[in-house]
Structure formats: C-alpha cells, structure tokens
Amino acid sequence: MTTLTTNGAADTSTEPPRRGGRATGTGGDVAVSTTSHTLLVIWSVVVIVPFLWVLLSSFKTSQEILASPFSLPAEWSFRNYAAAWTDAGIGRFFLNTVVVVGCALAIVMLLGAMCAYVLARYRFPGNRLIYNSMLAGLTFPIFLAIVPLFFILRNFGLLNTLPGLILTYVAFALPFTVFFLHSFFRTLPDEIYEAAVMDGAGEWRTFFQVMLPMARPGMASVAIFNFLGLWNQFLLPVALNTNQDNYVLTQGMATFASQAGYSVDFGALFAAVVLTVVPVLVVYLIFQRRLEGSVDKGTFR
C-alpha cells in the first residue's frame, strides 16, 4: 500500500496495516488445539475400533471368534444376520421397537411443540408453575416412578402392552422436549407472528403453518435426542412389559445374550448388535446437519 511519509515521499511498502487486539496463533492456542485434536482422535479410536470388531465378528462363526477373535472372517456370509433376525427373534423385537418408538416420538413431538409454544409465547396464570413442573420432571429419577407406573398401567389394562409402553415413553420424553423447544420458540421473532395475525390467520394456522416450520432445526434436534433415548431405553420395558411377544430390542438383546451360557451363537449375537446399532447411526447421519445448525443458531440459549 502506498502512503505519504512526513517529508512528502511516497512509501511503497506492501506491509498490511496492523489491527488492534491480541495476536493469534500463540503458543497457548496451539497447545489447546493440539490437545483437543489428540483427545478427539483417542475418543474416535475408542468408539470406532470396538464397533469394527463387532462388525467383523458378525460375519464369523462362534468357533472362529473363540479361536481367533481379531482375525478376518474365513467366509463373508450373512447367515448370522439371518439367524439373528429369525431364530433369535430380533426381527419381531425390531418391529416392536419401531412401532413403539415411532408412535411415541410422533406423539411427544406434537404435544411437546404445542406445550412449549404456548408456554413460551403466551402469558397466563400458572405459566411458570407448569414450566417449572416440566423442569422438575427432568430431575426426577425414572426408577422411582416404576412402581406407580406399574399400578397405573395395570389399572387401565395397559400393562404388558405396546400402547402402554408408548404412553410411558411419551411421559418420559415430554419434559425434555418442552424444555428444549421452549427456549427455541422464545427466540422466534414476534414480527412474523404479528404479520400472520394481521393477514387473518388463526392461532392454529399460525402455529402449524408459520411458527412450527420456523422451528424445524430445533424440532429435528430434539427428535434425534428423543429417538436415541427411547431406542436405547431398557428399564421401562423390563419393568412394564414382561410379555415376550411384545419385547423391544433392548429386552430381546438381553434375553439372547444371557441364554444358554457358552453355547450361545456369538456370530448371531454380534449380528444382532449390529442390527440394533445401525438404525441409530443412520438416523444421526441423516439429521446431523440439522443438529449442528440448531446449535449454531443458538437453540440452547
């Protein structure tokens, strides 16, 4: 950049002007970056290596697994998956899990979004009481509610049934859904709501056609968290669903892993583990961008 010096001569120096503030790229920043990346690499290895071992073992026979756990399969065959799906009943447990988690997720997302929207956008007597009650539900240990839930479901004739498990899952996930979406709805601009009202839209139309689509990043994020929590839920099904025909995946996997001692088909067992984990990975990979976008936009504020 060319400037004039004090004696009128032109300064042809190309050095860029210095900006205010502290210098970047200091030793401390490099140390923090190196440490964080090292920890992430270690964590990735801890997570990925066991899953790859399980994946390889799912193609091996029990004899191969016991003789050489870390070797490659002698034959790449899907017979272990077929055995796990049919003989071990993983297919039936998988279908029950899809029905229970799918229905519970749809209901809790609808009810949670409506409840969070009302609590965030309207002021009425008892607003804070309801919201604080939802927050209190997050702090209540789930195992303390097992006995009351057992008698409630039995009195309604829903014990050991899939509808009873669906309602329990909805009650389990609702407080977190309301808490998560409440902060998100509060960040939405009032101008858009007022414009929709001035155009003649009613409350229901404003919510479903204007405000709810704007909350899609937050809805996707909380749906991922709820899906992971409900898919991996173990305590509630074990206590409230003892009918083996209605077992979900976590119950089926526990039963399959504990039966017959050393005579268990380890190849089929590892195949069942892969079938249990893969849907979670697929859902996360599909909605990963939504989750990152909601965090960037300040969903947790």
# chains A, B, ... in the order shown; residues from 1 in each chain; ligands from 1
call {"tool": "residues_around", "arguments": {"residues": "A:Leu52", "least_positions_apart": "3", "cutoff": "12 Å", "atoms": "only C-alpha atoms", "output": "ChimeraX atom specification"}}
result
/A:44-49,55-59,70-72,270-271,273-274,277
call {"tool": "write_last_selection", "arguments": {"atoms": "N, CA and C atoms", "output": "compact mmCIF listing (two decimals), in the first residue's frame"}}
result
# COMPACT_ATOMS: atom_id res chain seq x y z
N SER A 44 -12.23 -41.15 19.13
CA SER A 44 -12.69 -41.80 17.89
C SER A 44 -12.21 -43.24 17.83
N VAL A 45 -10.96 -43.47 18.22
CA VAL A 45 -10.43 -44.83 18.21
C VAL A 45 -11.18 -45.71 19.21
N VAL A 46 -11.45 -45.16 20.40
CA VAL A 46 -12.16 -45.92 21.43
C VAL A 46 -13.56 -46.31 20.96
N VAL A 47 -14.20 -45.45 20.18
CA VAL A 47 -15.57 -45.72 19.72
C VAL A 47 -15.58 -46.59 18.46
N ILE A 48 -14.73 -46.29 17.51
CA ILE A 48 -14.79 -46.94 16.20
C ILE A 48 -14.22 -48.35 16.23
N VAL A 49 -13.08 -48.55 16.91
CA VAL A 49 -12.43 -49.86 16.88
C VAL A 49 -13.33 -50.96 17.45
N LEU A 55 -18.50 -55.65 14.03
CA LEU A 55 -18.94 -55.83 12.64
C LEU A 55 -18.23 -57.01 11.98
N LEU A 56 -16.92 -57.12 12.17
CA LEU A 56 -16.19 -58.25 11.60
C LEU A 56 -16.63 -59.56 12.24
N SER A 57 -16.84 -59.56 13.55
CA SER A 57 -17.25 -60.78 14.24
C SER A 57 -18.64 -61.25 13.82
N SER A 58 -19.47 -60.33 13.35
CA SER A 58 -20.81 -60.72 12.92
C SER A 58 -20.80 -61.58 11.67
N PHE A 59 -19.66 -61.64 10.96
CA PHE A 59 -19.54 -62.48 9.77
C PHE A 59 -18.79 -63.78 10.07
N PHE A 70 -9.50 -61.63 16.56
CA PHE A 70 -9.14 -60.45 15.79
C PHE A 70 -8.79 -60.75 14.34
N SER A 71 -9.00 -61.97 13.90
CA SER A 71 -8.72 -62.31 12.51
C SER A 71 -9.91 -61.99 11.62
N LEU A 72 -9.67 -61.94 10.32
CA LEU A 72 -10.74 -61.69 9.36
C LEU A 72 -11.59 -62.95 9.20
N PHE A 270 -23.43 -61.02 17.69
CA PHE A 270 -22.80 -59.81 17.17
C PHE A 270 -23.60 -59.24 16.00
N ALA A 271 -24.20 -60.10 15.19
CA ALA A 271 -25.05 -59.61 14.11
C ALA A 271 -26.26 -58.87 14.67
N VAL A 273 -26.32 -57.25 17.49
CA VAL A 273 -25.81 -55.97 17.97
C VAL A 273 -25.71 -54.96 16.83
N VAL A 274 -25.19 -55.41 15.69
CA VAL A 274 -25.08 -54.53 14.53
C VAL A 274 -26.47 -54.06 14.08
N VAL A 277 -27.59 -51.30 16.40
CA VAL A 277 -26.85 -50.04 16.38
C VAL A 277 -27.03 -49.28 15.08
call {"tool": "select_by_dssp", "arguments": {"residues": "stretch 103-273 of chain A", "states": "alpha helix (DSSP H)", "output": "number ranges by chain"}}
result
A: 103-121, 127-139, 146-155, 162-186, 190-198, 203-206, 212-214, 216-231, 235-240, 249-258, 266-273
call {"tool": "residues_around", "arguments": {"residues": "A:Phe227", "least_positions_apart": "5", "cutoff": "9 Å", "atoms": "only C-alpha atoms", "output": "number ranges by chain"}}
result
A: 101-102, 105, 222, 232, 280, 283
call {"tool": "write_last_selection", "arguments": {"atoms": "C-alpha atoms", "output": "short mmCIF file (atom, residue, chain, number, x, y, z; two decimals), in the first residue's frame"}}
result
data_model
loop_
_atom_site.label_atom_id
_atom_site.label_comp_id
_atom_site.auth_asym_id
_atom_site.auth_seq_id
_atom_site.Cartn_x
_atom_site.Cartn_y
_atom_site.Cartn_z
CA VAL A 101 -40.51 -45.56 19.31
CA GLY A 102 -42.11 -44.24 16.12
CA LEU A 105 -41.81 -39.94 19.01
CA VAL A 222 -34.87 -32.77 19.93
CA ASN A 232 -31.94 -47.46 23.97
CA VAL A 280 -29.25 -45.17 15.36
CA VAL A 283 -30.78 -41.52 11.84
#
call {"tool": "closest_residue", "arguments": {"among": "A:Leu158, A:Ala254, A:Ala84, A:Met211", "to": "A:Ala113", "atoms": "only C-alpha atoms"}}
result
A:Met211
